[in-house]
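A.B. asks: I am attaching a structure below and will ask some questions about it afterwards.
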Amino acid sequence: MASTSTPQTPFGRVLTAMVTPFTADGSLDTEGAQRLAVHLVDAGNDGLIVNGTTGESPTTSDAEKTRLVRAVVEAVGDRAHVVAGVGTNDTRHSVELARAAEEAGAHGLLTVTPYYNKPPQEGLYQHFTAIADATGLPVMLYDIPGRSGVPINTETMVRLADHPRIVANKDAKGDLGRASWAIATTGLAWYSGDDMLNLPLLSVGAVGFVSVVGHVVSPELRALVDAYTSGDIVKAAEIHQKLLPVFTGMFRTQGVITSKAALRFQGLPGGPLRLPLVGLTPRETEQLRRDLAAGGVQN
């Protein structure tokens, strides 16, 4: 893989949390995944997250997850970081997924906070440590209490940061104050997991983004982070403001749903959704078109 990382940016700066394309009959579309991966990397991504929430990981099988990692690594693994989502609410299962992802060629792992069973902080610490111990791959934590029900406390982050393979955090907590303290005290590479907060999180020390809207505006996200890191804060703010309708529109409902619709507008692979997710209504579809157009996206 071509080097797009430093110790401060272990997975690069711009990563899209990629949808998992399906064929018309609902089966895994590995060819479509490869075409989409190439498109996204060509558009400016340093890396791709596969088998994450936006990849419909709750409804894909372990075998499908492995096939998807292999396909995406084959397509873009020499040019971008391929990070495999392996987080579940079952530590043993996550360890199995981590080992399978490593064998399939993934360059890193994304591990979401265990959801639904609401473990205490010590349980989170042992869960993430077990996953990090299972392979030789670098690990990005994923803190999203709105979905998982439990935050990763800053004190727990500090403990986890001592692990040599836990190197980053994807922050979807929506709290700039807590993020500021955690960035300052953990030394982890911080990635925005909330597109509306991409620029604000850069301002308190984040290094990049794990984005949903990257499906449609990767060049703009690349321009934003490049402007910010080069010191042109005014330009970065202008790009952020231009993208506000896109940020809003892509999250009027669940991000997988809008991402696949937006990809369909552009003739890119995505395909149907798996239940319990369902497609946009005609009214929602037209609203998404208006939102994207207001943000400068042709559709």
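Each chain in the structure tokens gets a letter, A, B, ..., in the order shown, and its residues are numbered from 1; ligands are numbered from 1 in order too.
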Quick one: which segment 147-250 of chain A residues come within 12 Å of segment 288-295 of chain A, and what is the nearest atom pair for each with the distance in Å to one decimal, counting only C-alpha atoms, rows ordered by chain and ascending number, as CSV?

C.D. replies:
residue,atom,partner,partner_atom,distance
A:Val213,CA,A:Leu292,CA,10.2
A:His215,CA,A:Leu292,CA,11.7
A:Val216,CA,A:Leu292,CA,8.7
A:Val217,CA,A:Gly295,CA,9.3
A:Glu220,CA,A:Gly295,CA,10.5
A:Glu238,CA,A:Gly295,CA,11.8
A:Ile239,CA,A:Gly295,CA,9.8
A:His240,CA,A:Gly295,CA,10.0
A:Gln241,CA,A:Gly295,CA,8.9
A:Lys242,CA,A:Gly295,CA,5.7
A:Leu243,CA,A:Gly295,CA,5.1
A:Leu244,CA,A:Gly295,CA,6.9
A:Pro245,CA,A:Gly295,CA,5.2
A:Val246,CA,A:Leu292,CA,5.3
A:Phe247,CA,A:Asp291,CA,8.7
A:Thr248,CA,A:Asp291,CA,7.5
A:Gly249,CA,A:Asp291,CA,5.2
A:Met250,CA,A:Leu288,CA,7.1

A.B. asks: When you look at Ala75 of chain A with a cut-off of 9 Å (counting only C-alpha atoms), what residues show up, excluding the ones that are within fewer than 3 positions of it in the same chain? I need them as a PDB file with N, CA and C atoms, in the first residue's frame.

C.D. replies:
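Result file out33.pdb:
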ATOM      1  N   ALA A  33     -18.634  -3.502  -5.263  1.00  0.00           N
ATOM      2  CA  ALA A  33     -17.830  -2.967  -4.163  1.00  0.00           C
ATOM      3  C   ALA A  33     -16.465  -2.525  -4.658  1.00  0.00           C
ATOM      4  N   GLN A  34     -15.890  -3.299  -5.551  1.00  0.00           N
ATOM      5  CA  GLN A  34     -14.588  -2.919  -6.084  1.00  0.00           C
ATOM      6  C   GLN A  34     -14.680  -1.655  -6.924  1.00  0.00           C
ATOM      7  N   ARG A  35     -15.715  -1.535  -7.731  1.00  0.00           N
ATOM      8  CA  ARG A  35     -15.875  -0.322  -8.553  1.00  0.00           C
ATOM      9  C   ARG A  35     -16.108   0.900  -7.668  1.00  0.00           C
ATOM     10  N   ALA A  37     -15.144   1.248  -4.524  1.00  0.00           N
ATOM     11  CA  ALA A  37     -13.900   1.520  -3.797  1.00  0.00           C
ATOM     12  C   ALA A  37     -12.924   2.305  -4.671  1.00  0.00           C
ATOM     13  N   VAL A  38     -12.770   1.897  -5.923  1.00  0.00           N
ATOM     14  CA  VAL A  38     -11.877   2.615  -6.835  1.00  0.00           C
ATOM     15  C   VAL A  38     -12.360   4.049  -7.024  1.00  0.00           C
ATOM     16  N   ARG A  70     -11.630  -8.901   1.265  1.00  0.00           N
ATOM     17  CA  ARG A  70     -10.714  -9.380   0.215  1.00  0.00           C
ATOM     18  C   ARG A  70     -10.920  -8.611  -1.083  1.00  0.00           C
ATOM     19  N   ALA A  71     -12.169  -8.369  -1.457  1.00  0.00           N
ATOM     20  CA  ALA A  71     -12.458  -7.700  -2.721  1.00  0.00           C
ATOM     21  C   ALA A  71     -11.947  -6.265  -2.709  1.00  0.00           C
ATOM     22  N   VAL A  72     -12.167  -5.542  -1.613  1.00  0.00           N
ATOM     23  CA  VAL A  72     -11.760  -4.144  -1.552  1.00  0.00           C
ATOM     24  C   VAL A  72     -10.236  -4.032  -1.463  1.00  0.00           C
ATOM     25  N   ASP A  78      -3.435  -1.293  -2.576  1.00  0.00           N
ATOM     26  CA  ASP A  78      -2.109  -0.742  -2.827  1.00  0.00           C
ATOM     27  C   ASP A  78      -2.105   0.776  -2.794  1.00  0.00           C
ATOM     28  N   ARG A  79      -3.301   1.390  -2.669  1.00  0.00           N
ATOM     29  CA  ARG A  79      -3.403   2.859  -2.701  1.00  0.00           C
ATOM     30  C   ARG A  79      -4.072   3.460  -1.489  1.00  0.00           C
TER      31      ARG A  79
END

A.B. asks: Where does segment 152-184 of chain A meet segment 107-117 of chain A within 10 Å, residue by residue, with the nearest atom pair and distance in Å to one decimal for each, counting only C-alpha atoms, listed by chain and rising number, as a Markdown table?

C.D. replies:
| residue | atom | partner | partner_atom | distance |
| --- | --- | --- | --- | --- |
| A:Ile152 | CA | A:Thr113 | CA | 7.4 |
| A:Arg165 | CA | A:Gly108 | CA | 9.6 |
| A:Ile166 | CA | A:Leu109 | CA | 9.5 |
| A:Ala168 | CA | A:Leu110 | CA | 9.2 |
| A:Asn169 | CA | A:Leu110 | CA | 8.8 |
| A:Lys170 | CA | A:Leu110 | CA | 8.4 |

A.B. asks: Output the selection as a compact mmCIF listing (two decimals), in the first residue's frame - C-alpha atoms for each residue.

C.D. replies:
# COMPACT_ATOMS: atom_id res chain seq x y z
CA ILE A 152 -16.09 5.36 26.31
CA ARG A 165 -2.01 -1.32 18.67
CA ILE A 166 -4.83 0.98 19.80
CA ALA A 168 -7.00 6.06 17.01
CA ASN A 169 -10.57 6.91 17.91
CA LYS A 170 -13.56 7.66 15.71

A.B. asks: Got a sec to tell me which of segment 68-230 of chain A DSSP assigns to alpha helix (DSSP H), as a PyMOL selection string?

C.D. replies: chain A and resi 68-76+91-104+121-134+145-148+154-161+176-186+198-203+214-229

A.B. asks: At a cut-off of 7 Å, using only C-alpha atoms, what residues contact Ala172 of chain A? Leave out same-chain residues fewer than 4 positions from it and give the result as number ranges by chain.

C.D. replies: A: 143-144, 192-194

A.B. asks: Distance atom CA of Val297 of chain A-atom CA of Gly44 of chain A, one decimal place?

C.D. replies: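 Interatomic distance here is 15.8 Å.
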
A.B. asks: Any idea what's packed within 6 Å of Gly208 of chain A, counting only C-alpha atoms, ignoring anything in its chain fewer than 6 positions away? Could you give it as a list in words?

C.D. replies: Arg13, Val14 and Tyr191 of chain A

A.B. asks: One decimal, in Å: what's the spacing between atom CA of Arg67 of chain A and atom CA of Ala104 of chain A?

C.D. replies: 7.8 Å

A.B. asks: Excluding same-chain residues fewer than 5 positions from Thr91 of chain A, what lies within 10 Å of it counting only C-alpha atoms, as an mmCIF file with N, CA and C atoms, in the first residue's frame?

C.D. replies:
data_model
loop_
_atom_site.group_PDB
_atom_site.id
_atom_site.type_symbol
_atom_site.label_atom_id
_atom_site.label_comp_id
_atom_site.auth_asym_id
_atom_site.auth_seq_id
_atom_site.Cartn_x
_atom_site.Cartn_y
_atom_site.Cartn_z
ATOM 1 N N VAL A 86 -15.075 -4.623 12.902
ATOM 2 C CA VAL A 86 -15.168 -5.938 13.539
ATOM 3 C C VAL A 86 -15.897 -5.864 14.875
ATOM 4 N N GLU A 96 -12.960 -13.165 16.619
ATOM 5 C CA GLU A 96 -12.993 -14.008 15.415
ATOM 6 C C GLU A 96 -13.029 -13.159 14.150
ATOM 7 N N LEU A 97 -13.848 -12.105 14.153
ATOM 8 C CA LEU A 97 -13.929 -11.224 12.987
ATOM 9 C C LEU A 97 -12.604 -10.504 12.759
ATOM 10 N N PRO A 114 -19.435 -1.969 22.385
ATOM 11 C CA PRO A 114 -20.508 -2.965 22.440
ATOM 12 C C PRO A 114 -21.855 -2.301 22.743
ATOM 13 N N GLY A 123 -15.552 -3.412 31.531
ATOM 14 C CA GLY A 123 -15.903 -4.339 30.458
ATOM 15 C C GLY A 123 -15.476 -3.805 29.109
ATOM 16 N N LEU A 124 -15.658 -2.495 28.877
ATOM 17 C CA LEU A 124 -15.188 -1.891 27.625
ATOM 18 C C LEU A 124 -13.682 -2.043 27.491
ATOM 19 N N GLN A 126 -11.657 -4.290 28.813
ATOM 20 C CA GLN A 126 -11.259 -5.668 28.529
ATOM 21 C C GLN A 126 -11.688 -6.097 27.126
ATOM 22 N N HIS A 127 -12.850 -5.622 26.666
ATOM 23 C CA HIS A 127 -13.343 -5.947 25.323
ATOM 24 C C HIS A 127 -12.376 -5.436 24.253
ATOM 25 N N PHE A 128 -12.062 -4.142 24.313
ATOM 26 C CA PHE A 128 -11.183 -3.565 23.299
ATOM 27 C C PHE A 128 -9.772 -4.143 23.379
ATOM 28 N N THR A 129 -9.316 -4.413 24.583
ATOM 29 C CA THR A 129 -7.978 -4.992 24.741
ATOM 30 C C THR A 129 -7.912 -6.385 24.130
ATOM 31 N N ALA A 130 -8.952 -7.177 24.327
ATOM 32 C CA ALA A 130 -8.972 -8.522 23.753
ATOM 33 C C ALA A 130 -8.916 -8.472 22.232
ATOM 34 N N ILE A 131 -9.626 -7.535 21.628
ATOM 35 C CA ILE A 131 -9.596 -7.405 20.167
ATOM 36 C C ILE A 131 -8.214 -6.965 19.706
#

A.B. asks: Under the rule that only C-alpha atoms are counted, which of A:Ala189, A:Val150, A:Gly32, A:Arg92 is the nearest residue to Pro10 of chain A?

C.D. replies: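 For Pro10 of chain A, the nearest of the candidates is A:Ala189.
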
A.B. asks: For Gly52 of chain A, which residue out of A:Val207, A:Ala161, A:Ala134, A:Val212 is the nearest one, using only C-alpha atoms?

C.D. replies: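 Of A:Val207, A:Ala161, A:Ala134, A:Val212, the one nearest Gly52 of chain A, counting only C-alpha atoms, is A:Val212.
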
A.B. asks: What are the closest atom pairs, with distances in Å to one decimal, for all residues of segment 48-166 of chain A lying within 12 Å of segment 183-186 of chain A? Consider only C-alpha atoms, order rows by chain and residue number, and present the result as a tab-separated table.

C.D. replies:
residue	atom	partner	partner_atom	distance
A:Asn153	CA	A:Thr186	CA	11.4
A:Thr154	CA	A:Thr186	CA	8.0
A:Glu155	CA	A:Thr186	CA	8.8
A:Thr156	CA	A:Thr186	CA	9.5
A:Met157	CA	A:Thr186	CA	6.5
A:Val158	CA	A:Thr186	CA	4.8
A:Arg159	CA	A:Thr186	CA	8.2
A:Leu160	CA	A:Thr186	CA	8.5
A:Ala161	CA	A:Thr186	CA	5.9
A:Asp162	CA	A:Thr186	CA	8.4
A:His163	CA	A:Thr186	CA	11.1
A:Ile166	CA	A:Thr186	CA	10.7

A.B. asks: Write a file of the just-selected residues containing C-alpha atoms, as a compact mmCIF listing (two decimals), in the first residue's frame.

C.D. replies:
# COMPACT_ATOMS: atom_id res chain seq x y z
CA ASN A 153 -15.08 7.58 29.22
CA THR A 154 -11.93 9.65 28.82
CA GLU A 155 -10.29 7.75 31.67
CA THR A 156 -10.93 4.48 29.81
CA MET A 157 -9.54 6.00 26.61
CA VAL A 158 -6.35 6.91 28.47
CA ARG A 159 -5.95 3.31 29.65
CA LEU A 160 -6.65 1.90 26.19
CA ALA A 161 -4.18 4.29 24.57
CA ASP A 162 -1.38 2.47 26.40
CA HIS A 163 -1.97 -0.55 24.16
CA ILE A 166 -4.83 0.98 19.80
